[in-house]
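Here is the file query02.cif (mmCIF, C-alpha atoms).
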data_structure
#
loop_
_atom_site.label_atom_id
_atom_site.label_comp_id
_atom_site.auth_asym_id
_atom_site.auth_seq_id
_atom_site.Cartn_x
_atom_site.Cartn_y
_atom_site.Cartn_z
CA MET A 20 164.79 -123.99 177.52
CA LYS A 21 167.44 -121.88 179.23
CA ASN A 22 167.55 -122.27 182.97
CA ILE A 23 166.10 -119.71 185.25
CA ASP A 24 166.65 -120.16 188.97
CA LEU A 25 163.07 -120.21 190.22
CA ASP A 26 164.09 -121.01 193.80
CA ARG A 27 166.22 -117.88 193.81
CA LEU A 28 163.34 -115.93 192.29
CA TYR A 29 161.06 -117.27 195.04
CA GLU A 30 163.54 -116.09 197.68
CA ILE A 31 163.82 -112.65 196.11
CA ALA A 32 160.05 -112.33 195.80
CA ALA A 33 159.77 -113.23 199.48
CA GLY A 34 156.23 -112.46 200.62
CA GLN A 35 155.22 -111.42 197.10
CA ALA A 36 155.80 -114.82 195.52
CA GLU A 37 152.11 -115.62 195.28
CA ARG A 38 151.36 -112.23 193.77
CA LEU A 39 154.22 -112.67 191.31
CA SER A 40 152.87 -116.08 190.40
CA ASP A 41 149.40 -114.61 189.78
CA GLU A 42 150.79 -111.75 187.71
CA MET A 43 152.95 -114.03 185.57
CA TYR A 44 150.00 -116.38 185.08
CA GLY A 45 147.77 -113.44 184.10
CA ILE A 46 150.10 -111.99 181.47
CA ALA A 47 151.01 -115.47 180.16
CA TYR A 48 147.30 -116.27 179.73
CA LEU A 49 146.70 -112.94 178.02
CA ILE A 50 149.59 -113.49 175.59
CA LYS A 51 148.45 -117.07 174.89
CA LYS A 52 144.95 -115.92 174.02
CA ASN A 53 145.94 -112.82 172.02
CA TYR A 54 147.65 -113.61 168.73
CA ASP A 55 148.56 -110.00 167.93
CA LEU A 56 150.18 -109.59 171.32
CA LEU A 57 152.02 -112.88 170.92
CA SER A 58 153.25 -111.78 167.47
CA ALA A 59 154.42 -108.41 168.77
CA LEU A 60 156.33 -110.00 171.65
CA SER A 61 157.80 -112.76 169.47
CA ASP A 62 158.94 -110.41 166.70
CA ILE A 63 162.74 -110.41 166.68
CA ARG A 64 162.70 -106.93 165.12
CA SER A 65 161.01 -105.51 168.24
CA SER A 66 163.46 -104.15 170.79
CA GLY A 67 163.58 -105.40 174.35
CA GLU A 68 162.56 -102.00 175.63
CA PHE A 69 159.48 -102.05 173.42
CA LYS A 70 158.48 -105.46 174.78
CA LYS A 71 159.03 -104.41 178.38
CA LYS A 72 156.97 -101.23 177.88
CA LEU A 73 154.20 -103.15 176.13
CA ILE A 74 153.88 -105.58 179.05
CA ALA A 75 154.08 -102.75 181.55
CA ASP A 76 151.25 -100.95 179.76
CA LEU A 77 149.16 -104.12 179.91
CA THR A 78 149.79 -104.64 183.62
CA PRO A 79 149.30 -101.30 185.35
CA GLY A 80 149.88 -101.54 189.08
CA ALA A 81 151.96 -104.68 188.77
CA SER A 82 154.52 -105.41 191.48
CA LYS A 83 158.13 -104.36 191.06
CA ILE A 84 159.29 -107.95 191.31
CA PHE A 85 157.00 -108.76 188.35
CA THR A 86 158.39 -105.89 186.27
CA ASP A 87 161.94 -106.95 187.14
CA THR A 88 161.20 -110.59 186.28
CA ILE A 89 159.77 -109.61 182.90
CA ALA A 90 162.82 -107.42 182.27
CA LEU A 91 165.07 -110.40 183.12
CA LEU A 92 163.18 -112.70 180.79
CA VAL A 93 163.29 -110.15 177.96
CA ASP A 94 167.00 -109.48 178.44
CA GLN A 95 167.81 -113.19 178.49
CA GLY A 96 165.59 -113.93 175.47
CA LEU A 97 163.28 -116.07 177.59
CA LEU A 98 160.06 -114.16 177.08
CA GLY A 99 158.81 -116.92 174.78
CA GLU A 100 159.10 -119.29 177.76
CA LEU A 101 156.95 -117.09 179.99
CA ASP A 102 154.07 -119.59 180.03
CA GLU A 103 156.37 -122.44 181.09
CA VAL A 104 158.19 -120.24 183.64
CA SER A 105 154.84 -119.18 185.05
CA ARG A 106 153.65 -122.80 185.27
CA ARG A 107 156.81 -123.96 187.03
CA PHE A 108 156.82 -120.98 189.39
CA THR A 109 153.19 -121.62 190.25
CA LEU A 110 154.06 -125.24 191.05
CA LEU A 111 156.89 -124.04 193.29
CA VAL A 112 154.66 -121.55 195.11
CA ALA A 113 151.95 -124.18 195.43
CA GLN A 114 154.45 -126.62 196.90
CA LYS A 115 155.87 -124.05 199.34
CA ASN A 116 152.42 -122.85 200.44
CA ASN A 117 150.82 -126.28 200.35
CA ILE A 118 148.01 -125.04 198.14
CA ARG A 119 146.65 -125.85 194.68
CA TYR A 120 146.20 -123.29 191.93
CA ASP A 121 143.47 -124.43 189.58
CA GLU A 122 142.11 -122.53 186.63
CA LEU A 123 138.44 -121.80 186.06
CA ILE A 124 137.22 -120.42 182.76
CA PHE A 125 133.75 -118.88 182.46
CA SER A 126 131.94 -117.19 179.63
CA GLU A 127 131.15 -114.25 181.90
CA LYS A 128 132.32 -113.07 185.31
CA PRO A 129 130.90 -115.45 187.94
CA GLY A 130 129.24 -114.18 191.07
CA PRO A 131 130.63 -114.94 194.56
CA GLU A 132 127.91 -117.48 195.10
CA ILE A 133 129.05 -119.54 192.11
CA LEU A 134 132.72 -119.25 193.07
CA GLY A 135 131.84 -120.23 196.62
CA LYS A 136 130.43 -123.50 195.32
CA PHE A 137 133.71 -124.25 193.57
CA TYR A 138 135.66 -123.49 196.76
CA LYS A 139 133.29 -125.72 198.67
CA ILE A 140 134.11 -128.56 196.32
CA GLY A 141 137.84 -127.78 196.11
CA GLY A 142 138.39 -127.31 199.84
CA ASP A 143 140.42 -124.68 201.65
CA LYS A 144 143.76 -125.71 200.10
CA ILE A 145 142.85 -124.41 196.71
CA LYS A 146 142.94 -121.11 194.93
CA PHE A 147 141.11 -120.58 191.67
CA ARG A 148 142.46 -118.41 188.92
CA VAL A 149 139.40 -117.20 187.07
CA GLN A 150 139.50 -116.35 183.40
CA ILE A 151 136.74 -115.06 181.17
CA ASP A 152 136.43 -116.48 177.68
CA SER A 153 133.14 -115.67 175.97
CA SER A 154 133.82 -118.23 173.25
CA ILE A 155 132.91 -121.09 175.62
CA ALA A 156 129.31 -119.74 175.39
CA GLY A 157 128.32 -120.82 178.92
CA GLY A 158 129.15 -123.26 181.66
CA PHE A 159 132.77 -123.56 182.77
CA ILE A 160 136.09 -125.30 182.23
CA TRP A 161 138.06 -126.45 185.29
CA LYS A 162 141.76 -127.09 184.75
CA THR A 163 143.67 -128.56 187.67
CA MET A 164 147.37 -128.03 188.32
CA ASP A 165 148.20 -131.62 187.43
CA GLY A 166 146.74 -131.19 183.96
CA LYS A 167 143.25 -132.66 184.41
CA VAL A 168 140.45 -130.83 182.61
CA MET A 169 136.74 -130.85 183.32
CA ASP A 170 134.99 -129.30 180.38
CA ALA A 171 131.42 -128.40 181.34
CA SER A 172 131.16 -125.57 178.86
CA ILE A 173 128.47 -125.15 176.24
CA LYS A 174 131.23 -125.07 173.64
CA GLY A 175 132.57 -128.38 174.93
CA ARG A 176 129.12 -129.96 174.96
CA LEU A 177 128.47 -128.79 171.42
CA SER A 178 131.82 -130.18 170.39
CA GLN A 179 130.94 -133.49 172.05
CA MET A 180 127.57 -133.49 170.33
CA ARG A 181 129.27 -132.79 167.02
CA GLU A 182 131.62 -135.72 167.61
CA GLU A 183 128.72 -138.02 168.42
CA ILE A 184 126.77 -136.97 165.34
CA SER A 185 129.73 -137.37 163.02
CA ALA A 186 130.85 -140.71 164.58
CA MET B 13 190.98 -239.58 46.77
CA PHE B 14 191.06 -239.71 50.34
CA GLU B 15 193.92 -241.75 51.68
CA LEU B 16 195.31 -242.14 55.13
CA GLU B 17 198.83 -241.06 55.57
CA THR B 18 199.96 -242.52 58.84
CA GLY B 19 203.13 -240.50 58.99
CA LEU B 20 201.22 -237.34 58.68
CA ILE B 21 198.72 -238.49 61.20
CA PHE B 22 201.45 -239.46 63.52
CA TRP B 23 203.24 -236.13 63.26
CA ASN B 24 200.09 -234.27 63.42
CA THR B 25 199.24 -236.19 66.51
CA VAL B 26 202.67 -235.58 67.94
CA SER B 27 202.52 -231.94 66.99
CA PHE B 28 199.05 -231.68 68.48
CA ALA B 29 200.25 -233.45 71.61
CA ILE B 30 203.20 -231.10 71.85
CA LEU B 31 200.91 -228.19 71.26
CA VAL B 32 198.57 -229.43 73.91
CA PHE B 33 201.46 -230.00 76.22
CA LEU B 34 202.86 -226.56 75.55
CA MET B 35 199.50 -224.97 75.98
CA TYR B 36 198.82 -226.91 79.14
CA LYS B 37 202.26 -226.04 80.44
CA TRP B 38 202.61 -222.38 79.55
CA VAL B 39 199.52 -220.96 77.95
CA ILE B 40 196.60 -222.48 79.82
CA PRO B 41 197.87 -221.75 83.36
CA PRO B 42 198.25 -217.96 82.84
CA ILE B 43 194.91 -217.89 81.09
CA VAL B 44 193.40 -219.92 83.90
CA GLY B 45 195.15 -217.62 86.38
CA VAL B 46 193.80 -214.56 84.63
CA LEU B 47 190.39 -216.15 84.48
CA LYS B 48 190.60 -217.08 88.14
CA ASP B 49 191.71 -213.58 89.01
CA ARG B 50 188.96 -212.24 86.90
CA GLN B 51 186.54 -214.63 88.53
CA LYS B 52 187.80 -213.61 91.92
CA ALA B 53 187.57 -209.95 91.02
CA ILE B 54 184.07 -210.45 89.75
CA GLY B 55 183.27 -212.45 92.87
CA ASP B 56 184.74 -209.68 95.02
CA SER B 57 182.83 -207.09 93.06
CA ILE B 58 179.67 -209.09 93.48
CA ALA B 59 180.42 -209.50 97.16
CA ALA B 60 181.23 -205.82 97.44
CA ALA B 61 178.09 -204.97 95.56
CA GLU B 62 176.16 -207.33 97.82
CA ASP B 63 177.77 -205.82 100.83
CA SER B 64 177.07 -202.36 99.50
CA ARG B 65 173.49 -203.35 98.83
CA LYS B 66 173.17 -204.74 102.32
CA ARG B 67 174.70 -201.63 103.76
CA SER B 68 172.45 -199.52 101.61
CA GLU B 69 169.49 -201.51 102.79
CA ALA B 70 170.68 -201.19 106.38
CA ALA B 71 171.19 -197.48 105.87
CA LEU B 72 167.80 -197.23 104.26
CA ALA B 73 166.29 -199.17 107.14
CA GLU B 74 168.16 -196.97 109.56
CA ASN B 75 166.99 -193.89 107.70
CA LYS B 76 163.46 -195.18 107.72
CA LYS B 77 163.82 -195.86 111.42
CA LYS B 78 165.24 -192.41 112.02
CA LEU B 79 162.56 -190.89 109.89
CA ALA B 80 159.94 -192.74 111.88
CA GLU B 81 161.65 -191.64 115.07
CA ALA B 82 161.78 -188.08 113.78
CA ASP B 83 158.15 -188.33 112.84
CA ARG B 84 157.28 -189.60 116.31
CA THR B 85 159.41 -186.87 117.87
CA ALA B 86 157.79 -184.24 115.70
CA LYS B 87 154.37 -185.59 116.58
CA SER B 88 155.20 -185.64 120.28
CA MET B 89 156.61 -182.13 119.99
CA VAL B 90 153.46 -180.99 118.30
CA GLU B 91 151.45 -182.71 121.02
CA LEU B 92 153.63 -181.14 123.67
CA ALA B 93 153.34 -177.73 122.00
CA LYS B 94 149.60 -178.17 121.82
CA SER B 95 149.45 -179.24 125.45
CA ASP B 96 151.74 -176.35 126.46
CA GLY B 97 149.58 -174.01 124.44
CA GLU B 98 146.49 -175.31 126.16
CA ARG B 99 148.13 -175.06 129.55
CA MET B 100 149.37 -171.53 128.83
CA LYS B 101 145.97 -170.57 127.53
CA LYS B 102 144.40 -171.98 130.68
CA GLU B 103 146.94 -170.20 132.88
CA ILE B 104 146.47 -166.89 131.06
CA LEU B 105 142.71 -167.22 131.36
CA GLU B 106 142.96 -168.10 135.04
CA LYS B 107 145.35 -165.20 135.64
CA ALA B 108 143.13 -162.83 133.73
CA GLU B 109 140.10 -164.02 135.68
CA LYS B 110 141.99 -163.62 138.94
CA GLN B 111 143.16 -160.12 137.99
CA ALA B 112 139.69 -159.20 136.90
CA GLY B 113 138.44 -160.45 140.26
CA LEU B 114 141.05 -158.44 142.11
CA ILE B 115 140.26 -155.33 140.08
CA ALA B 116 136.58 -155.78 140.77
CA GLU B 117 137.32 -156.36 144.46
CA LYS B 118 139.57 -153.28 144.60
CA ALA B 119 136.93 -151.24 142.79
CA GLU B 120 134.34 -152.46 145.29
CA GLN B 121 136.63 -151.58 148.20
CA ASP B 122 137.38 -148.16 146.70
CA MET B 123 133.70 -147.59 146.16
CA GLN B 124 132.92 -148.60 149.75
CA ALA B 125 135.74 -146.40 151.07
CA GLU B 126 134.57 -143.48 148.97
CA LYS B 127 131.01 -144.08 150.10
CA ALA B 128 132.14 -144.17 153.74
CA ARG B 129 134.19 -141.02 153.21
CA ILE B 130 131.25 -139.19 151.66
CA VAL B 131 128.93 -140.35 154.44
CA ASN B 132 131.47 -139.31 157.08
CA GLU B 133 131.97 -135.95 155.42
CA ALA B 134 128.24 -135.45 155.22
CA LYS B 135 127.91 -136.46 158.88
CA LYS B 136 130.67 -134.06 159.83
CA GLU B 137 129.12 -131.24 157.85
CA ILE B 138 125.72 -131.93 159.36
CA ALA B 139 127.30 -132.09 162.82
CA ASP B 140 129.10 -128.78 162.20
CA LEU B 141 125.90 -127.17 160.97
CA VAL B 142 123.90 -128.51 163.90
CA ALA B 143 126.58 -127.43 166.38
CA MET B 144 126.87 -124.01 164.75
CA ALA B 145 123.12 -123.51 164.67
CA ALA B 146 122.77 -124.77 168.26
CA GLY B 147 125.63 -122.50 169.33
CA ARG B 148 123.97 -119.48 167.76
CA VAL B 149 120.61 -120.28 169.30
CA ILE B 150 122.12 -121.06 172.72
CA GLY B 151 124.28 -117.94 172.55
CA ARG B 152 121.16 -115.87 172.00
CA VAL B 153 118.93 -117.52 174.55
CA ILE B 154 121.30 -118.16 177.48
CA ASN B 155 121.08 -115.42 180.07
CA LYS B 156 123.01 -115.04 183.31
CA ASP B 157 120.53 -117.12 185.30
CA ASP B 158 120.59 -119.91 182.73
CA ASN B 159 124.34 -119.89 182.84
CA SER B 160 124.39 -120.06 186.64
CA ARG B 161 121.93 -122.94 186.52
CA ILE B 162 124.06 -124.78 183.97
CA ILE B 163 127.16 -124.32 186.14
CA GLU B 164 125.35 -125.49 189.27
CA GLU B 165 123.96 -128.54 187.49
CA SER B 166 127.42 -129.42 186.26
CA LEU B 167 128.81 -129.20 189.79
CA ARG B 168 126.26 -131.67 191.20
#

What would the structure in this file look like if it were written as structure tokens?
Amino acid sequence: MKNIDLDRLYEIAAGQAERLSDEMYGIAYLIKKNYDLLSALSDIRSSGEFKKKLIADLTPGASKIFTDTIALLVDQGLLGELDEVSRRFTLLVAQKNNIRYDELIFSEKPGPEILGKFYKIGGDKIKFRVQIDSSIAGGFIWKTMDGKVMDASIKGRLSQMREEISA
Amino acid sequence: MFELETGLIFWNTVSFAILVFLMYKWVIPPIVGVLKDRQKAIGDSIAAAEDSRKRSEAALAENKKKLAEADRTAKSMVELAKSDGERMKKEILEKAEKQAGLIAEKAEQDMQAEKARIVNEAKKEIADLVAMAAGRVIGRVINKDDNSRIIEESLR
């Protein structure tokens, strides 16, 4: 992977670093989950301008620093590394702010009461990035920053049941 | 009539004596020599013949001995060939039995592996079907409250 100076990016983002981290995480997650979008952005026949516009259309109201960062990645041919850049930038922001960014995946949008329970467990030095994935059928998946996964989804339980039956 | 003439007798006697002397002196010795030579030659021939006979007998005995030896060798070779044949036959049979055993063992292993594969595949298919059916049913019956309850239970 080509180097991108994330410390410099953090300095430039200044007070918007956390927002930039969230925005990069959001678009990276969207691309990862959407094959057509991934194909369109990976297609070498697509121009850089097309890719920039496509991402801009998908992220209305995004910060300028986000738009500029995406433009930089596209121009340097690093758009394919967006997920990794986002992960490393999130780690940097987490380190600077002394906070954890964990990922929660639900089958439908959770209410504040449910999220409150997660914050109660995680403590005040945690921020959850919530994603909706209807394919997990119910329950949740908790992914921590250090790579640990707690799969309490219906899909995961069915998969576990399938493993046990076929064992 | 018969009358003795002494002169004639005398000369006859003298002549005979001279003749005898001459024969003894010059005729008899060569004849004796020839006879001796002849005797010697005959003796040599007899000895040679005897020697030849002895050698022939020795050769015959040797031949008989060799023949007997050859016969024994041939017999032992036949015995050896028979024993080798038996041994080879035994080895071939043992090898064939061993190979047959291995083939049977391999066939048994293959059969067990195939059986296990089929059972595993069947299990997997059943598991997939069960999971799919359960997923469909759960997807239909889970409402928001159920989902919240599931999440809360998982967090305990």

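The shell of residues at most 6 Å from region 126-128 of chain A, with all atoms listed in the file counted and near chain neighbours (fewer than 6 positions) removed, consists of Ile151, Asp152, Ser153, Ile155, Ala156 and Gly157 of chain A.
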
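Atom to atom, CA of Glu122 (chain A) and CA of Trp161 (chain A) stand 5.8 Å apart.
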
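In this structure, the chain A residues at most 6 Å away from chain B are Gly157, Gly158, Leu177, Arg181, Ile184 and Ser185 of chain A, with only C-alpha atoms considered.
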
Any chance you could resolve the PyMOL selection byres ((chain A and resi 97) around 12) against this file and give the residues as a PDB file with C-alpha atoms, in the frame of the given file?
ATOM      1  CA  MET A  20     164.790-123.990 177.520  1.00  0.00           C
ATOM      2  CA  LYS A  21     167.440-121.880 179.230  1.00  0.00           C
ATOM      3  CA  ASN A  22     167.550-122.270 182.970  1.00  0.00           C
ATOM      4  CA  ILE A  23     166.100-119.710 185.250  1.00  0.00           C
ATOM      5  CA  LEU A  60     156.330-110.000 171.650  1.00  0.00           C
ATOM      6  CA  SER A  61     157.800-112.760 169.470  1.00  0.00           C
ATOM      7  CA  GLY A  67     163.580-105.400 174.350  1.00  0.00           C
ATOM      8  CA  LYS A  70     158.480-105.460 174.780  1.00  0.00           C
ATOM      9  CA  THR A  88     161.200-110.590 186.280  1.00  0.00           C
ATOM     10  CA  ILE A  89     159.770-109.610 182.900  1.00  0.00           C
ATOM     11  CA  ALA A  90     162.820-107.420 182.270  1.00  0.00           C
ATOM     12  CA  LEU A  91     165.070-110.400 183.120  1.00  0.00           C
ATOM     13  CA  LEU A  92     163.180-112.700 180.790  1.00  0.00           C
ATOM     14  CA  VAL A  93     163.290-110.150 177.960  1.00  0.00           C
ATOM     15  CA  ASP A  94     167.000-109.480 178.440  1.00  0.00           C
ATOM     16  CA  GLN A  95     167.810-113.190 178.490  1.00  0.00           C
ATOM     17  CA  GLY A  96     165.590-113.930 175.470  1.00  0.00           C
ATOM     18  CA  LEU A  98     160.060-114.160 177.080  1.00  0.00           C
ATOM     19  CA  GLY A  99     158.810-116.920 174.780  1.00  0.00           C
ATOM     20  CA  GLU A 100     159.100-119.290 177.760  1.00  0.00           C
ATOM     21  CA  LEU A 101     156.950-117.090 179.990  1.00  0.00           C
ATOM     22  CA  ASP A 102     154.070-119.590 180.030  1.00  0.00           C
ATOM     23  CA  GLU A 103     156.370-122.440 181.090  1.00  0.00           C
ATOM     24  CA  VAL A 104     158.190-120.240 183.640  1.00  0.00           C
ATOM     25  CA  SER A 105     154.840-119.180 185.050  1.00  0.00           C
TER      26      SER A 105
END

From A:Ile140, A:Ile63, A:Ala36, A:Leu57, residue lying nearest Phe85 (chain A) [all atoms listed in the file]
A:Ala36

Going by the chain IDs and residue numbers used in this file, which residues fall under the PyMOL selection byres ((chain A and resi 107) around 12)? Write them as a PyMOL selection string.
chain A and resi 22-26+28-29+40+43-44+100-106+108-114+120+164-165

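Our summary of the geometry notes that CA of Ala33 (chain A) is positioned 24.1 Å from CA of Leu77 (chain A).
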
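Interatomic distance, CA of Gln35 (chain A) to CA of Ser82 (chain A): 8.3 Å.
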
May I have the residues at most 12 Å from (133.9, -122.9, 192.7) in the file's coordinates, counting all atoms listed in the file, as a compact mmCIF listing (two decimals) with C-alpha atoms, in the coordinates of the input?
# COMPACT_ATOMS: atom_id res chain seq x y z
CA ASP A 121 143.47 -124.43 189.58
CA GLU A 122 142.11 -122.53 186.63
CA LEU A 123 138.44 -121.80 186.06
CA ILE A 124 137.22 -120.42 182.76
CA PHE A 125 133.75 -118.88 182.46
CA PRO A 129 130.90 -115.45 187.94
CA GLY A 130 129.24 -114.18 191.07
CA PRO A 131 130.63 -114.94 194.56
CA GLU A 132 127.91 -117.48 195.10
CA ILE A 133 129.05 -119.54 192.11
CA LEU A 134 132.72 -119.25 193.07
CA GLY A 135 131.84 -120.23 196.62
CA LYS A 136 130.43 -123.50 195.32
CA PHE A 137 133.71 -124.25 193.57
CA TYR A 138 135.66 -123.49 196.76
CA LYS A 139 133.29 -125.72 198.67
CA ILE A 140 134.11 -128.56 196.32
CA GLY A 141 137.84 -127.78 196.11
CA GLY A 142 138.39 -127.31 199.84
CA ASP A 143 140.42 -124.68 201.65
CA ILE A 145 142.85 -124.41 196.71
CA LYS A 146 142.94 -121.11 194.93
CA PHE A 147 141.11 -120.58 191.67
CA ARG A 148 142.46 -118.41 188.92
CA VAL A 149 139.40 -117.20 187.07
CA PHE A 159 132.77 -123.56 182.77
CA ILE A 160 136.09 -125.30 182.23
CA TRP A 161 138.06 -126.45 185.29
CA LYS A 162 141.76 -127.09 184.75
CA SER B 160 124.39 -120.06 186.64
CA ILE B 163 127.16 -124.32 186.14
CA GLU B 164 125.35 -125.49 189.27
CA SER B 166 127.42 -129.42 186.26
CA LEU B 167 128.81 -129.20 189.79
CA ARG B 168 126.26 -131.67 191.20

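Each of A:Ser58, A:Glu182, A:Asn116, A:Ile46 was checked against Asp76 (chain A) using only C-alpha atoms; the smallest atom-to-atom distance is that of A:Ile46.
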
Reconstructed region 130-152 of chain A, atom set N, CA and C atoms, as a PDB file, keeping the file's coordinate frame:
ATOM      1  N   GLY A 130     129.528-114.834 189.801  1.00  0.00           N
ATOM      2  CA  GLY A 130     129.240-114.180 191.070  1.00  0.00           C
ATOM      3  C   GLY A 130     129.912-114.918 192.212  1.00  0.00           C
ATOM      4  N   PRO A 131     129.989-114.294 193.412  1.00  0.00           N
ATOM      5  CA  PRO A 131     130.630-114.940 194.560  1.00  0.00           C
ATOM      6  C   PRO A 131     129.941-116.231 194.977  1.00  0.00           C
ATOM      7  N   GLU A 132     128.650-116.275 194.732  1.00  0.00           N
ATOM      8  CA  GLU A 132     127.910-117.480 195.100  1.00  0.00           C
ATOM      9  C   GLU A 132     128.398-118.692 194.292  1.00  0.00           C
ATOM     10  N   ILE A 133     128.564-118.464 192.996  1.00  0.00           N
ATOM     11  CA  ILE A 133     129.050-119.540 192.110  1.00  0.00           C
ATOM     12  C   ILE A 133     130.470-119.937 192.517  1.00  0.00           C
ATOM     13  N   LEU A 134     131.329-118.938 192.700  1.00  0.00           N
ATOM     14  CA  LEU A 134     132.720-119.250 193.070  1.00  0.00           C
ATOM     15  C   LEU A 134     132.773-119.981 194.414  1.00  0.00           C
ATOM     16  N   GLY A 135     131.896-119.583 195.311  1.00  0.00           N
ATOM     17  CA  GLY A 135     131.840-120.230 196.620  1.00  0.00           C
ATOM     18  C   GLY A 135     131.575-121.725 196.479  1.00  0.00           C
ATOM     19  N   LYS A 136     130.736-122.074 195.530  1.00  0.00           N
ATOM     20  CA  LYS A 136     130.430-123.500 195.320  1.00  0.00           C
ATOM     21  C   LYS A 136     131.676-124.258 194.859  1.00  0.00           C
ATOM     22  N   PHE A 137     132.469-123.601 194.032  1.00  0.00           N
ATOM     23  CA  PHE A 137     133.710-124.250 193.570  1.00  0.00           C
ATOM     24  C   PHE A 137     134.679-124.424 194.756  1.00  0.00           C
ATOM     25  N   TYR A 138     134.771-123.374 195.605  1.00  0.00           N
ATOM     26  CA  TYR A 138     135.660-123.490 196.760  1.00  0.00           C
ATOM     27  C   TYR A 138     135.168-124.553 197.736  1.00  0.00           C
ATOM     28  N   LYS A 139     133.862-124.703 197.793  1.00  0.00           N
ATOM     29  CA  LYS A 139     133.290-125.720 198.670  1.00  0.00           C
ATOM     30  C   LYS A 139     133.706-127.116 198.203  1.00  0.00           C
ATOM     31  N   ILE A 140     133.714-127.259 196.895  1.00  0.00           N
ATOM     32  CA  ILE A 140     134.110-128.560 196.320  1.00  0.00           C
ATOM     33  C   ILE A 140     135.631-128.748 196.442  1.00  0.00           C
ATOM     34  N   GLY A 141     136.368-127.676 196.142  1.00  0.00           N
ATOM     35  CA  GLY A 141     137.840-127.780 196.110  1.00  0.00           C
ATOM     36  C   GLY A 141     138.476-127.826 197.471  1.00  0.00           C
ATOM     37  N   GLY A 142     137.805-127.334 198.502  1.00  0.00           N
ATOM     38  CA  GLY A 142     138.390-127.310 199.840  1.00  0.00           C
ATOM     39  C   GLY A 142     139.162-126.016 200.084  1.00  0.00           C
ATOM     40  N   ASP A 143     139.759-125.943 201.295  1.00  0.00           N
ATOM     41  CA  ASP A 143     140.420-124.680 201.650  1.00  0.00           C
ATOM     42  C   ASP A 143     141.871-124.627 201.173  1.00  0.00           C
ATOM     43  N   LYS A 144     142.385-125.719 200.603  1.00  0.00           N
ATOM     44  CA  LYS A 144     143.760-125.710 200.100  1.00  0.00           C
ATOM     45  C   LYS A 144     143.781-125.507 198.594  1.00  0.00           C
ATOM     46  N   ILE A 145     142.912-124.647 198.153  1.00  0.00           N
ATOM     47  CA  ILE A 145     142.850-124.410 196.710  1.00  0.00           C
ATOM     48  C   ILE A 145     142.618-122.928 196.446  1.00  0.00           C
ATOM     49  N   LYS A 146     143.208-122.491 195.359  1.00  0.00           N
ATOM     50  CA  LYS A 146     142.940-121.110 194.930  1.00  0.00           C
ATOM     51  C   LYS A 146     142.619-121.169 193.442  1.00  0.00           C
ATOM     52  N   PHE A 147     141.502-120.557 193.080  1.00  0.00           N
ATOM     53  CA  PHE A 147     141.110-120.580 191.670  1.00  0.00           C
ATOM     54  C   PHE A 147     141.591-119.337 190.960  1.00  0.00           C
ATOM     55  N   ARG A 148     142.104-119.531 189.784  1.00  0.00           N
ATOM     56  CA  ARG A 148     142.460-118.410 188.920  1.00  0.00           C
ATOM     57  C   ARG A 148     141.358-118.343 187.863  1.00  0.00           C
ATOM     58  N   VAL A 149     140.596-117.303 187.926  1.00  0.00           N
ATOM     59  CA  VAL A 149     139.400-117.200 187.070  1.00  0.00           C
ATOM     60  C   VAL A 149     139.733-116.438 185.794  1.00  0.00           C
ATOM     61  N   GLN A 150     139.334-117.014 184.695  1.00  0.00           N
ATOM     62  CA  GLN A 150     139.500-116.350 183.400  1.00  0.00           C
ATOM     63  C   GLN A 150     138.148-116.271 182.706  1.00  0.00           C
ATOM     64  N   ILE A 151     137.988-115.227 181.918  1.00  0.00           N
ATOM     65  CA  ILE A 151     136.740-115.060 181.170  1.00  0.00           C
ATOM     66  C   ILE A 151     137.024-115.284 179.692  1.00  0.00           C
ATOM     67  N   ASP A 152     136.277-116.199 179.115  1.00  0.00           N
ATOM     68  CA  ASP A 152     136.430-116.480 177.680  1.00  0.00           C
ATOM     69  C   ASP A 152     135.013-116.657 177.115  1.00  0.00           C
TER      70      ASP A 152
END
